[in-house]
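Chemist: Sharing entry_10.txt here; it has compact mmCIF, C-alpha atoms and all ligand atoms.
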# COMPACT_ATOMS: atom_id res chain seq x y z
CA MET A 11 -59.45 46.18 -40.83
CA ALA A 12 -59.49 44.13 -44.09
CA ASP A 13 -57.48 40.92 -44.48
CA PRO A 14 -53.79 41.63 -44.70
CA ALA A 15 -52.79 42.07 -48.34
CA PRO A 16 -49.65 40.02 -49.01
CA LEU A 17 -46.74 41.99 -50.33
CA ARG A 18 -45.17 41.05 -53.62
CA ARG A 19 -41.60 41.58 -52.49
CA LEU A 20 -40.51 42.44 -48.94
CA ALA A 21 -36.93 43.65 -48.36
CA ILE A 22 -35.44 43.47 -44.88
CA VAL A 23 -32.17 45.31 -44.28
CA GLY A 24 -30.28 44.13 -41.17
CA LEU A 25 -30.93 40.51 -40.20
CA GLY A 26 -30.36 40.68 -36.46
CA LEU A 27 -32.86 39.84 -33.75
CA ILE A 28 -35.60 42.09 -35.14
CA GLY A 29 -34.90 41.69 -38.88
CA SER A 30 -34.66 37.89 -38.69
CA SER A 31 -37.82 37.73 -36.55
CA LEU A 32 -39.61 39.82 -39.17
CA ALA A 33 -38.42 37.50 -41.94
CA ARG A 34 -39.62 34.47 -39.99
CA ALA A 35 -42.96 36.11 -39.11
CA ALA A 36 -43.59 37.38 -42.67
CA ARG A 37 -43.06 33.88 -43.98
CA HIS A 38 -44.98 32.17 -41.19
CA TYR A 39 -48.04 34.40 -41.69
CA GLY A 40 -47.77 34.47 -45.51
CA MET A 41 -47.28 38.22 -45.68
CA ALA A 42 -45.03 38.34 -48.76
CA GLU A 43 -44.68 36.42 -52.00
CA SER A 44 -40.92 36.77 -51.74
CA ILE A 45 -38.51 38.02 -49.10
CA VAL A 46 -35.07 39.50 -49.77
CA ALA A 47 -32.62 39.66 -46.85
CA ILE A 48 -29.85 42.29 -47.01
CA ASP A 49 -27.02 42.64 -44.47
CA ARG A 50 -23.49 44.00 -44.63
CA ASP A 51 -22.03 41.12 -42.60
CA PRO A 52 -21.10 38.01 -44.66
CA ALA A 53 -21.34 35.80 -41.54
CA VAL A 54 -24.92 37.01 -40.96
CA LEU A 55 -25.76 36.34 -44.62
CA ASP A 56 -24.38 32.78 -44.28
CA ARG A 57 -26.57 32.16 -41.22
CA VAL A 58 -29.65 33.58 -42.98
CA ARG A 59 -29.03 31.22 -45.91
CA ALA A 60 -28.45 28.25 -43.60
CA LEU A 61 -31.63 29.02 -41.67
CA GLY A 62 -33.57 29.47 -44.93
CA LEU A 63 -35.08 32.76 -43.77
CA ALA A 64 -35.41 34.45 -47.16
CA ASP A 65 -35.85 33.74 -50.87
CA GLU A 66 -32.92 35.98 -51.77
CA VAL A 67 -29.91 36.81 -49.59
CA THR A 68 -27.46 39.55 -50.51
CA GLY A 69 -24.97 42.08 -49.19
CA ASP A 70 -25.94 44.54 -51.91
CA LEU A 71 -28.48 47.27 -51.12
CA ALA A 72 -29.50 47.19 -54.79
CA GLY A 73 -31.55 44.18 -53.62
CA VAL A 74 -34.27 46.61 -52.47
CA ALA A 75 -35.23 47.21 -56.12
CA GLU A 76 -38.78 46.15 -57.05
CA SER A 77 -39.75 45.76 -53.37
CA ASP A 78 -43.09 47.20 -52.35
CA LEU A 79 -42.00 47.36 -48.69
CA VAL A 80 -38.45 47.88 -47.40
CA ILE A 81 -37.93 47.65 -43.63
CA LEU A 82 -34.67 48.90 -42.15
CA CYS A 83 -33.71 46.81 -39.11
CA VAL A 84 -30.24 48.25 -38.48
CA PRO A 85 -29.13 50.20 -35.39
CA VAL A 86 -30.62 53.70 -35.24
CA GLY A 87 -27.22 55.32 -35.88
CA ALA A 88 -26.84 53.44 -39.18
CA VAL A 89 -30.24 54.31 -40.64
CA GLY A 90 -29.15 57.52 -42.44
CA ALA A 91 -26.17 55.94 -44.19
CA VAL A 92 -28.18 52.88 -45.22
CA ALA A 93 -31.00 55.09 -46.57
CA GLU A 94 -28.53 57.16 -48.57
CA ALA A 95 -26.90 54.06 -50.07
CA MET A 96 -30.15 52.34 -51.00
CA ALA A 97 -32.17 55.39 -52.16
CA ALA A 98 -31.21 55.18 -55.83
CA HIS A 99 -32.36 51.55 -56.01
CA LEU A 100 -35.88 52.06 -54.65
CA THR A 101 -38.76 51.57 -57.05
CA PRO A 102 -41.18 54.52 -57.29
CA GLY A 103 -44.20 53.92 -55.07
CA ALA A 104 -42.21 51.77 -52.65
CA ILE A 105 -42.84 52.08 -48.90
CA VAL A 106 -39.80 52.46 -46.65
CA SER A 107 -40.24 51.67 -42.97
CA ASP A 108 -37.97 50.92 -40.03
CA VAL A 109 -38.06 49.39 -36.54
CA GLY A 110 -35.83 51.87 -34.71
CA SER A 111 -36.32 52.38 -30.98
CA VAL A 112 -36.09 56.17 -31.44
CA LYS A 113 -38.29 58.01 -33.93
CA VAL A 114 -37.48 61.75 -34.22
CA ALA A 115 -33.79 61.10 -35.01
CA VAL A 116 -34.68 58.33 -37.48
CA VAL A 117 -37.14 60.59 -39.30
CA GLN A 118 -34.48 63.31 -39.50
CA ALA A 119 -31.78 60.90 -40.71
CA LEU A 120 -33.88 59.04 -43.26
CA SER A 121 -36.28 61.56 -44.80
CA PRO A 122 -33.73 63.68 -46.72
CA HIS A 123 -32.62 60.65 -48.75
CA LEU A 124 -36.03 59.58 -50.03
CA ALA A 125 -37.18 60.87 -53.41
CA PRO A 126 -40.75 62.12 -53.96
CA GLY A 127 -42.92 59.11 -54.72
CA ILE A 128 -41.27 56.98 -52.03
CA HIS A 129 -43.48 56.65 -48.95
CA PHE A 130 -41.91 56.66 -45.51
CA VAL A 131 -43.79 55.13 -42.57
CA PRO A 132 -41.66 55.00 -39.40
CA ALA A 133 -42.44 52.15 -37.01
CA HIS A 134 -41.22 50.68 -33.73
CA PRO A 135 -42.24 47.22 -32.53
CA VAL A 136 -42.16 47.31 -28.74
CA ALA A 137 -40.88 43.77 -28.54
CA GLY A 138 -37.43 42.36 -28.12
CA THR A 139 -35.02 40.37 -26.05
CA GLU A 140 -31.46 40.89 -24.83
CA TYR A 141 -30.14 38.64 -27.64
CA SER A 142 -28.75 39.72 -31.02
CA GLY A 143 -28.17 38.23 -34.44
CA PRO A 144 -30.15 36.05 -36.86
CA ASP A 145 -30.17 32.99 -34.60
CA ALA A 146 -31.89 34.94 -31.82
CA GLY A 147 -35.02 35.74 -33.83
CA PHE A 148 -38.32 33.89 -33.70
CA SER A 149 -41.57 34.20 -35.62
CA THR A 150 -43.81 34.97 -32.65
CA LEU A 151 -41.70 37.82 -31.25
CA PHE A 152 -44.35 40.38 -32.22
CA SER A 153 -47.45 38.35 -31.28
CA GLY A 154 -49.67 40.36 -28.99
CA ARG A 155 -47.02 43.11 -28.73
CA TRP A 156 -47.45 46.76 -29.59
CA CYS A 157 -46.07 48.23 -32.77
CA ILE A 158 -46.07 52.04 -32.77
CA LEU A 159 -46.37 53.84 -36.10
CA THR A 160 -45.30 57.48 -36.23
CA PRO A 161 -46.51 58.67 -39.65
CA LEU A 162 -45.53 62.17 -40.75
CA PRO A 163 -48.14 64.91 -41.26
CA GLU A 164 -47.54 64.69 -45.01
CA SER A 165 -47.83 60.86 -45.14
CA ASP A 166 -50.40 59.41 -47.55
CA PRO A 167 -52.94 57.33 -45.59
CA GLU A 168 -52.74 54.32 -47.95
CA PRO A 169 -49.09 53.37 -47.27
CA VAL A 170 -49.66 53.90 -43.54
CA GLU A 171 -52.63 51.50 -43.69
CA ARG A 172 -50.52 49.01 -45.62
CA VAL A 173 -47.79 49.05 -42.97
CA GLN A 174 -50.44 48.75 -40.26
CA ARG A 175 -51.96 45.71 -42.02
CA PHE A 176 -48.50 44.16 -42.29
CA TRP A 177 -47.85 44.44 -38.55
CA GLU A 178 -51.33 43.27 -37.66
CA GLY A 179 -50.85 40.38 -40.08
CA ILE A 180 -47.86 39.15 -38.07
CA GLY A 181 -49.75 39.42 -34.80
CA ALA A 182 -48.88 42.88 -33.47
CA ILE A 183 -51.29 45.47 -32.08
CA VAL A 184 -50.78 48.82 -33.79
CA GLU A 185 -50.93 52.26 -32.17
CA THR A 186 -50.22 55.58 -33.91
CA MET A 187 -48.60 58.67 -32.38
CA THR A 188 -46.21 61.47 -33.28
CA PRO A 189 -42.46 60.76 -33.31
CA GLU A 190 -41.96 63.30 -30.50
CA HIS A 191 -44.55 61.67 -28.25
CA HIS A 192 -43.11 58.23 -29.00
CA ASP A 193 -39.63 59.31 -27.90
CA LEU A 194 -40.92 60.75 -24.63
CA VAL A 195 -43.00 57.68 -23.78
CA LEU A 196 -40.24 55.24 -24.66
CA ALA A 197 -37.66 57.28 -22.74
CA ILE A 198 -39.42 56.44 -19.47
CA THR A 199 -40.76 52.97 -20.32
CA SER A 200 -37.66 51.57 -22.01
CA HIS A 201 -34.64 53.84 -22.35
CA VAL A 202 -34.22 55.06 -18.76
CA PRO A 203 -34.83 51.54 -17.34
CA HIS A 204 -32.04 50.25 -19.58
CA LEU A 205 -29.75 53.07 -18.42
CA ILE A 206 -30.49 52.21 -14.78
CA ALA A 207 -29.72 48.54 -15.46
CA TYR A 208 -26.45 49.37 -17.21
CA ASN A 209 -25.57 51.65 -14.30
CA ILE A 210 -26.36 49.29 -11.44
CA VAL A 211 -24.56 46.36 -13.07
CA GLY A 212 -21.63 48.68 -13.86
CA THR A 213 -21.49 49.79 -10.21
CA ALA A 214 -21.42 46.19 -9.05
CA ALA A 215 -18.67 45.41 -11.55
CA ASP A 216 -16.59 48.24 -10.11
CA LEU A 217 -16.69 46.77 -6.61
CA GLU A 218 -13.67 44.97 -5.12
CA GLU A 219 -13.06 41.60 -6.72
CA VAL A 220 -14.08 39.57 -3.68
CA THR A 221 -17.27 41.55 -3.30
CA GLN A 222 -17.92 41.20 -7.01
CA SER A 223 -17.88 37.42 -6.78
CA GLU A 224 -20.34 37.68 -3.91
CA VAL A 225 -22.56 39.86 -6.05
CA ILE A 226 -22.67 37.11 -8.65
CA LYS A 227 -22.97 34.30 -6.10
CA PHE A 228 -25.81 35.85 -4.14
CA SER A 229 -27.54 37.65 -6.98
CA ALA A 230 -31.19 37.32 -6.10
CA GLY A 231 -34.09 38.17 -8.39
CA GLY A 232 -33.59 41.94 -8.33
CA PHE A 233 -29.97 42.09 -9.47
CA ARG A 234 -30.36 39.15 -11.85
CA ASP A 235 -33.18 40.90 -13.67
CA PHE A 236 -31.00 43.98 -14.09
CA THR A 237 -28.16 41.86 -15.52
CA ARG A 238 -30.54 40.49 -18.15
CA ILE A 239 -31.44 43.98 -19.32
CA ALA A 240 -27.81 45.12 -19.09
CA ALA A 241 -26.81 42.27 -21.45
CA SER A 242 -28.66 44.03 -24.29
CA ASP A 243 -26.80 44.90 -27.48
CA PRO A 244 -24.18 47.63 -26.80
CA THR A 245 -24.31 49.15 -30.32
CA MET A 246 -28.08 49.36 -30.39
CA TRP A 247 -28.29 50.99 -26.96
CA ARG A 248 -25.41 53.39 -27.52
CA ASP A 249 -27.31 54.64 -30.57
CA VAL A 250 -30.61 54.87 -28.67
CA PHE A 251 -29.17 57.13 -25.96
CA LEU A 252 -27.32 59.35 -28.42
CA ALA A 253 -30.40 59.64 -30.65
CA ASN A 254 -32.96 60.26 -27.87
CA LYS A 255 -30.77 62.54 -25.79
CA ASP A 256 -33.32 65.25 -24.90
CA ALA A 257 -36.18 62.97 -23.84
CA VAL A 258 -33.86 60.66 -21.88
CA LEU A 259 -32.25 63.58 -20.03
CA GLU A 260 -35.67 65.05 -19.24
CA MET A 261 -36.94 61.75 -17.81
CA LEU A 262 -33.66 61.17 -15.99
CA GLY A 263 -34.12 64.56 -14.27
CA ARG A 264 -37.55 63.46 -13.02
CA PHE A 265 -36.12 60.10 -11.97
CA ASN A 266 -33.32 61.71 -9.97
CA GLU A 267 -35.79 63.96 -8.12
CA ASP A 268 -37.96 60.98 -7.18
CA LEU A 269 -34.90 58.98 -6.14
CA SER A 270 -33.86 61.82 -3.83
CA ALA A 271 -37.33 61.80 -2.27
CA LEU A 272 -37.00 58.04 -1.68
CA ALA A 273 -33.57 58.47 -0.11
CA ARG A 274 -35.03 61.15 2.18
CA ALA A 275 -37.87 58.82 3.19
CA ILE A 276 -35.34 56.13 4.12
CA ARG A 277 -33.12 58.61 5.99
CA TRP A 278 -36.06 59.94 8.08
CA GLY A 279 -37.65 56.54 8.63
CA ASP A 280 -40.78 57.50 6.68
CA GLY A 281 -42.13 53.96 6.27
CA ASP A 282 -45.56 55.21 5.23
CA ALA A 283 -44.09 57.00 2.19
CA LEU A 284 -42.14 53.89 1.19
CA HIS A 285 -45.13 51.60 1.67
CA ALA A 286 -47.43 53.91 -0.30
CA LEU A 287 -45.06 54.02 -3.28
CA PHE A 288 -44.41 50.27 -3.28
CA THR A 289 -48.18 49.64 -3.18
CA ARG A 290 -48.71 51.94 -6.16
CA THR A 291 -45.91 50.31 -8.19
CA ARG A 292 -47.19 46.80 -7.41
CA ALA A 293 -50.55 47.81 -8.91
CA ILE A 294 -48.79 49.00 -12.08
CA ARG A 295 -47.06 45.63 -12.46
CA ARG A 296 -50.40 43.85 -12.02
CA GLY A 297 -51.95 46.15 -14.61
CA ILE A 298 -49.25 45.23 -17.16
CA VAL A 299 -49.84 41.51 -16.52
CA ALA A 300 -53.62 42.03 -16.81
CA MET A 301 -53.11 43.72 -20.22
CA GLY A 302 -51.30 40.60 -21.47
CA GLN A 303 -47.99 42.40 -21.95
CA GLU A 304 -46.23 40.26 -19.34
CA THR A 305 -46.73 37.01 -17.48
CA ALA A 306 -47.02 36.67 -13.74
CA GLU A 307 -44.02 34.32 -13.72
CA PRO A 308 -41.37 35.40 -11.23
CA ASP A 309 -38.63 35.50 -13.89
CA PHE A 310 -40.45 38.25 -15.79
CA GLY A 311 -41.60 35.51 -18.20
CA ARG A 312 -38.37 35.83 -20.21
CA GLY A 313 -38.01 32.08 -20.47
CA ARG A 314 -41.12 32.17 -22.61
CA SER A 315 -40.06 34.69 -25.23
CA GLY A 316 -36.46 35.62 -24.62
CA SER A 317 -34.24 32.65 -24.11
CA LYS A 318 -35.46 29.86 -26.31
CA PRO A 319 -35.94 30.86 -29.91
CA GLU A 320 -38.19 28.47 -31.76
CA ALA A 321 -37.25 26.95 -35.10
CA PRO A 322 -37.50 29.54 -37.92
P1 LIG A 401 -28.91 43.26 -34.08
O1 LIG A 401 -29.41 41.94 -33.65
O2 LIG A 401 -27.59 43.74 -33.59
O3 LIG A 401 -28.93 43.33 -35.68
C1 LIG A 401 -28.59 44.45 -36.41
C2 LIG A 401 -28.12 43.97 -37.77
O4 LIG A 401 -27.96 45.10 -38.64
C3 LIG A 401 -26.77 43.26 -37.70
O5 LIG A 401 -26.75 42.13 -38.53
C4 LIG A 401 -25.82 44.35 -38.21
O6 LIG A 401 -24.63 43.86 -38.80
C5 LIG A 401 -26.69 44.98 -39.26
N1 LIG A 401 -26.17 46.28 -39.64
C6 LIG A 401 -25.62 47.22 -38.86
N2 LIG A 401 -25.25 48.28 -39.60
C7 LIG A 401 -25.57 47.98 -40.87
C8 LIG A 401 -25.41 48.66 -42.09
N3 LIG A 401 -24.86 49.88 -42.13
N4 LIG A 401 -25.85 48.05 -43.24
C9 LIG A 401 -26.42 46.83 -43.19
N5 LIG A 401 -26.57 46.11 -42.05
C10 LIG A 401 -26.15 46.70 -40.91
O7 LIG A 401 -29.95 44.42 -33.68
P2 LIG A 401 -31.52 44.33 -33.36
O8 LIG A 401 -31.69 44.06 -31.90
O9 LIG A 401 -32.20 43.47 -34.35
O10 LIG A 401 -31.93 45.87 -33.57
C11 LIG A 401 -32.16 46.38 -34.86
C12 LIG A 401 -33.06 47.60 -34.75
O11 LIG A 401 -34.26 47.24 -34.07
C13 LIG A 401 -32.46 48.78 -33.98
O12 LIG A 401 -32.74 49.99 -34.66
C14 LIG A 401 -33.20 48.76 -32.66
O13 LIG A 401 -33.34 50.08 -32.12
C15 LIG A 401 -34.55 48.17 -33.04
N6 LIG A 401 -35.25 47.43 -31.98
C16 LIG A 401 -34.58 46.54 -31.21
C17 LIG A 401 -35.25 45.85 -30.21
C18 LIG A 401 -34.52 44.86 -29.33
O14 LIG A 401 -35.01 44.51 -28.26
N7 LIG A 401 -33.35 44.36 -29.73
C19 LIG A 401 -36.62 46.05 -30.01
C20 LIG A 401 -37.30 46.94 -30.86
C21 LIG A 401 -36.60 47.64 -31.85
P3 LIG A 401 -23.23 43.95 -37.96
O15 LIG A 401 -23.27 42.77 -37.07
O16 LIG A 401 -22.19 43.88 -39.02
O17 LIG A 401 -23.22 45.26 -37.23
Please go through the file and, once you have read it, give me the structure as structure tokens.
Ligand code: NAP
Modeler:
Amino acid sequence: MADPAPLRRLAIVGLGLIGSSLARAARHYGMAESIVAIDRDPAVLDRVRALGLADEVTGDLAGVAESDLVILCVPVGAVGAVAEAMAAHLTPGAIVSDVGSVKVAVVQALSPHLAPGIHFVPAHPVAGTEYSGPDAGFSTLFSGRWCILTPLPESDPEPVERVQRFWEGIGAIVETMTPEHHDLVLAITSHVPHLIAYNIVGTAADLEEVTQSEVIKFSAGGFRDFTRIAASDPTMWRDVFLANKDAVLEMLGRFNEDLSALARAIRWGDGDALHALFTRTRAIRRGIVAMGQETAEPDFGRGRSGSKPEAP
């Protein structure tokens, strides 16, 4: 791949964890001559100004004008409305991309609003933390992490390559697949695990008060790790489950079957079945560490990337 070509003007819409990390990374790696930050929340805009994350900061979607790349970093459920409101301001030839955790629904919501001559390249960086807002971002969030592009059959190759070079330029590793395949893969690797975490922490919260305090007091590694995931942004995750309904329900069906098999093994004292599964899953964890997508630290390595944002 050739050296990343810097963009003339990069517009980022939605300056939360992902949008503000993108702004920091684009600046850190010299990916754009100028960066415009657009958000609907005046408090977010104030923080973006104070942190000096962009050359231009505005609440007006007309700010996307003259940008060669516009990246939507808003919750998946807001993508359609934002696309509709900004469409008239896009400059012909511009590339529109996004970072949404679901792809089929985003493609359906966004595509109808883009005029011919505007290129749409959907993307999803598989990187994040349980924190939200512009203060939570950091420039190395995408370093060594996957970014999945889901170009459409009718996509021109040149804009897709440009988006790929952008992500590679800020340290990500790019993989391409269809939106449908993306949603199925992410349902099992990300969406269902979040649902399980929300559920188990919710169950604990529903226990009697005295028991609840014991849950918090004695929360060992297992439960604590679930609480970290279950602290993720409620708006973002509500939108993910509503937008990826079919794939999540399909994977949840498989999960429930396997859980029943585990319950049966416990009921009938089938230690061999339990031991065989736990051995297989331990190997998967080691494989993820070996691929550099996780550290071997016992706290899931979150202290490294999740809890201590670096200076912008
Ligand atoms: P976030 O920290 O909550 O930031 C979202 C930002 O978008 C907020 O400033 C929000 O403002 C703004 N926004 C919402 N609706 C808007 C609208 N209609 N117009 C303009 N701005 C709007 O969320 P995030 O974690 O960065 O997630 C953003 C996107 O990245 C989501 O699509 C998510 O699926 C994807 N993603 C997230 C992660 C992760 O781990 N967090 C990882 C990969 C991809 P308000 O505060 O006013 O709502």
Chemist: Can you work out which one of A:Asp268, A:Ala283, A:Arg290, A:Trp177 has the shortest atom-to-atom distance to Met41 in chain A, counting all atoms listed in the file?
Modeler: A:Trp177
Chemist: Can you measure CA of Gly147 in chain A to CA of Pro132 in chain A for me? One decimal in Å is fine.
Modeler: 21.1 Å
Chemist: Could the residues of chain A that have an atom at most 8 Å from ligand LIG 401 (chain A) be listed as JSON lines, each with its closest atom pair and the distance in Å to one decimal, counting all atoms listed in the file and ordered by chain and ascending residue number?
Modeler:
{"residue": "A:Val23", "atom": "CA", "partner": "A:LIG401", "partner_atom": "C9", "distance": 6.0}
{"residue": "A:Gly24", "atom": "CA", "partner": "A:LIG401", "partner_atom": "O4", "distance": 3.6}
{"residue": "A:Leu25", "atom": "CA", "partner": "A:LIG401", "partner_atom": "O5", "distance": 4.8}
{"residue": "A:Gly26", "atom": "CA", "partner": "A:LIG401", "partner_atom": "O3", "distance": 3.1}
{"residue": "A:Leu27", "atom": "CA", "partner": "A:LIG401", "partner_atom": "O9", "distance": 3.7}
{"residue": "A:Ile28", "atom": "CA", "partner": "A:LIG401", "partner_atom": "O9", "distance": 3.8}
{"residue": "A:Gly29", "atom": "CA", "partner": "A:LIG401", "partner_atom": "O9", "distance": 5.6}
{"residue": "A:Ser30", "atom": "CA", "partner": "A:LIG401", "partner_atom": "O9", "distance": 7.5}
{"residue": "A:Ile48", "atom": "CA", "partner": "A:LIG401", "partner_atom": "C9", "distance": 6.9}
{"residue": "A:Asp49", "atom": "CA", "partner": "A:LIG401", "partner_atom": "N5", "distance": 4.3}
{"residue": "A:Arg50", "atom": "CA", "partner": "A:LIG401", "partner_atom": "C9", "distance": 4.3}
{"residue": "A:Asp51", "atom": "CA", "partner": "A:LIG401", "partner_atom": "O16", "distance": 4.5}
{"residue": "A:Val54", "atom": "CA", "partner": "A:LIG401", "partner_atom": "O5", "distance": 6.0}
{"residue": "A:Gly69", "atom": "CA", "partner": "A:LIG401", "partner_atom": "C9", "distance": 7.8}
{"residue": "A:Leu82", "atom": "CA", "partner": "A:LIG401", "partner_atom": "C12", "distance": 7.7}
{"residue": "A:Cys83", "atom": "CA", "partner": "A:LIG401", "partner_atom": "C12", "distance": 4.5}
{"residue": "A:Val84", "atom": "CA", "partner": "A:LIG401", "partner_atom": "O4", "distance": 3.9}
{"residue": "A:Pro85", "atom": "CA", "partner": "A:LIG401", "partner_atom": "O12", "distance": 3.7}
{"residue": "A:Val86", "atom": "CA", "partner": "A:LIG401", "partner_atom": "O12", "distance": 4.3}
{"residue": "A:Gly87", "atom": "CA", "partner": "A:LIG401", "partner_atom": "O12", "distance": 7.8}
{"residue": "A:Ala88", "atom": "CA", "partner": "A:LIG401", "partner_atom": "N3", "distance": 5.0}
{"residue": "A:Val89", "atom": "CA", "partner": "A:LIG401", "partner_atom": "N3", "distance": 7.1}
{"residue": "A:Ala91", "atom": "CA", "partner": "A:LIG401", "partner_atom": "N3", "distance": 6.5}
{"residue": "A:Val92", "atom": "CA", "partner": "A:LIG401", "partner_atom": "N3", "distance": 5.4}
{"residue": "A:Asp108", "atom": "CA", "partner": "A:LIG401", "partner_atom": "O12", "distance": 7.6}
{"residue": "A:Val109", "atom": "CA", "partner": "A:LIG401", "partner_atom": "O11", "distance": 5.0}
{"residue": "A:Gly110", "atom": "CA", "partner": "A:LIG401", "partner_atom": "O12", "distance": 3.6}
{"residue": "A:Ser111", "atom": "CA", "partner": "A:LIG401", "partner_atom": "O13", "distance": 3.9}
{"residue": "A:Val112", "atom": "CA", "partner": "A:LIG401", "partner_atom": "O13", "distance": 6.7}
{"residue": "A:His134", "atom": "CA", "partner": "A:LIG401", "partner_atom": "C21", "distance": 5.8}
{"residue": "A:Pro135", "atom": "CA", "partner": "A:LIG401", "partner_atom": "C20", "distance": 5.2}
{"residue": "A:Val136", "atom": "CA", "partner": "A:LIG401", "partner_atom": "C20", "distance": 5.3}
{"residue": "A:Ala137", "atom": "CA", "partner": "A:LIG401", "partner_atom": "C19", "distance": 5.1}
{"residue": "A:Gly138", "atom": "CA", "partner": "A:LIG401", "partner_atom": "O14", "distance": 3.2}
{"residue": "A:Thr139", "atom": "CA", "partner": "A:LIG401", "partner_atom": "O14", "distance": 4.7}
{"residue": "A:Glu140", "atom": "CA", "partner": "A:LIG401", "partner_atom": "O14", "distance": 6.1}
{"residue": "A:Tyr141", "atom": "CA", "partner": "A:LIG401", "partner_atom": "N7", "distance": 6.9}
{"residue": "A:Ser142", "atom": "CA", "partner": "A:LIG401", "partner_atom": "O1", "distance": 3.5}
{"residue": "A:Gly143", "atom": "CA", "partner": "A:LIG401", "partner_atom": "O1", "distance": 4.0}
{"residue": "A:Pro144", "atom": "CA", "partner": "A:LIG401", "partner_atom": "O1", "distance": 6.7}
{"residue": "A:Ala146", "atom": "CA", "partner": "A:LIG401", "partner_atom": "O1", "distance": 7.6}
{"residue": "A:Ser242", "atom": "CA", "partner": "A:LIG401", "partner_atom": "N7", "distance": 7.2}
{"residue": "A:Asp243", "atom": "CA", "partner": "A:LIG401", "partner_atom": "O2", "distance": 6.3}
{"residue": "A:Thr245", "atom": "CA", "partner": "A:LIG401", "partner_atom": "O2", "distance": 7.1}
{"residue": "A:Met246", "atom": "CA", "partner": "A:LIG401", "partner_atom": "O13", "distance": 5.6}
{"residue": "A:Trp247", "atom": "CA", "partner": "A:LIG401", "partner_atom": "O13", "distance": 7.3}
{"residue": "A:Asp249", "atom": "CA", "partner": "A:LIG401", "partner_atom": "O13", "distance": 7.7}
{"residue": "A:Val250", "atom": "CA", "partner": "A:LIG401", "partner_atom": "O13", "distance": 6.5}
Chemist: Could you save the residues just selected, with C-alpha atoms, as a PDB file, in the coordinates of the input?
Modeler:
ATOM      1  CA  VAL A  23     -32.170  45.310 -44.280  1.00  0.00           C
ATOM      2  CA  GLY A  24     -30.280  44.130 -41.170  1.00  0.00           C
ATOM      3  CA  LEU A  25     -30.930  40.510 -40.200  1.00  0.00           C
ATOM      4  CA  GLY A  26     -30.360  40.680 -36.460  1.00  0.00           C
ATOM      5  CA  LEU A  27     -32.860  39.840 -33.750  1.00  0.00           C
ATOM      6  CA  ILE A  28     -35.600  42.090 -35.140  1.00  0.00           C
ATOM      7  CA  GLY A  29     -34.900  41.690 -38.880  1.00  0.00           C
ATOM      8  CA  SER A  30     -34.660  37.890 -38.690  1.00  0.00           C
ATOM      9  CA  ILE A  48     -29.850  42.290 -47.010  1.00  0.00           C
ATOM     10  CA  ASP A  49     -27.020  42.640 -44.470  1.00  0.00           C
ATOM     11  CA  ARG A  50     -23.490  44.000 -44.630  1.00  0.00           C
ATOM     12  CA  ASP A  51     -22.030  41.120 -42.600  1.00  0.00           C
ATOM     13  CA  VAL A  54     -24.920  37.010 -40.960  1.00  0.00           C
ATOM     14  CA  GLY A  69     -24.970  42.080 -49.190  1.00  0.00           C
ATOM     15  CA  LEU A  82     -34.670  48.900 -42.150  1.00  0.00           C
ATOM     16  CA  CYS A  83     -33.710  46.810 -39.110  1.00  0.00           C
ATOM     17  CA  VAL A  84     -30.240  48.250 -38.480  1.00  0.00           C
ATOM     18  CA  PRO A  85     -29.130  50.200 -35.390  1.00  0.00           C
ATOM     19  CA  VAL A  86     -30.620  53.700 -35.240  1.00  0.00           C
ATOM     20  CA  GLY A  87     -27.220  55.320 -35.880  1.00  0.00           C
ATOM     21  CA  ALA A  88     -26.840  53.440 -39.180  1.00  0.00           C
ATOM     22  CA  VAL A  89     -30.240  54.310 -40.640  1.00  0.00           C
ATOM     23  CA  ALA A  91     -26.170  55.940 -44.190  1.00  0.00           C
ATOM     24  CA  VAL A  92     -28.180  52.880 -45.220  1.00  0.00           C
ATOM     25  CA  ASP A 108     -37.970  50.920 -40.030  1.00  0.00           C
ATOM     26  CA  VAL A 109     -38.060  49.390 -36.540  1.00  0.00           C
ATOM     27  CA  GLY A 110     -35.830  51.870 -34.710  1.00  0.00           C
ATOM     28  CA  SER A 111     -36.320  52.380 -30.980  1.00  0.00           C
ATOM     29  CA  VAL A 112     -36.090  56.170 -31.440  1.00  0.00           C
ATOM     30  CA  HIS A 134     -41.220  50.680 -33.730  1.00  0.00           C
ATOM     31  CA  PRO A 135     -42.240  47.220 -32.530  1.00  0.00           C
ATOM     32  CA  VAL A 136     -42.160  47.310 -28.740  1.00  0.00           C
ATOM     33  CA  ALA A 137     -40.880  43.770 -28.540  1.00  0.00           C
ATOM     34  CA  GLY A 138     -37.430  42.360 -28.120  1.00  0.00           C
ATOM     35  CA  THR A 139     -35.020  40.370 -26.050  1.00  0.00           C
ATOM     36  CA  GLU A 140     -31.460  40.890 -24.830  1.00  0.00           C
ATOM     37  CA  TYR A 141     -30.140  38.640 -27.640  1.00  0.00           C
ATOM     38  CA  SER A 142     -28.750  39.720 -31.020  1.00  0.00           C
ATOM     39  CA  GLY A 143     -28.170  38.230 -34.440  1.00  0.00           C
ATOM     40  CA  PRO A 144     -30.150  36.050 -36.860  1.00  0.00           C
ATOM     41  CA  ALA A 146     -31.890  34.940 -31.820  1.00  0.00           C
ATOM     42  CA  SER A 242     -28.660  44.030 -24.290  1.00  0.00           C
ATOM     43  CA  ASP A 243     -26.800  44.900 -27.480  1.00  0.00           C
ATOM     44  CA  THR A 245     -24.310  49.150 -30.320  1.00  0.00           C
ATOM     45  CA  MET A 246     -28.080  49.360 -30.390  1.00  0.00           C
ATOM     46  CA  TRP A 247     -28.290  50.990 -26.960  1.00  0.00           C
ATOM     47  CA  ASP A 249     -27.310  54.640 -30.570  1.00  0.00           C
ATOM     48  CA  VAL A 250     -30.610  54.870 -28.670  1.00  0.00           C
TER      49      VAL A 250
END
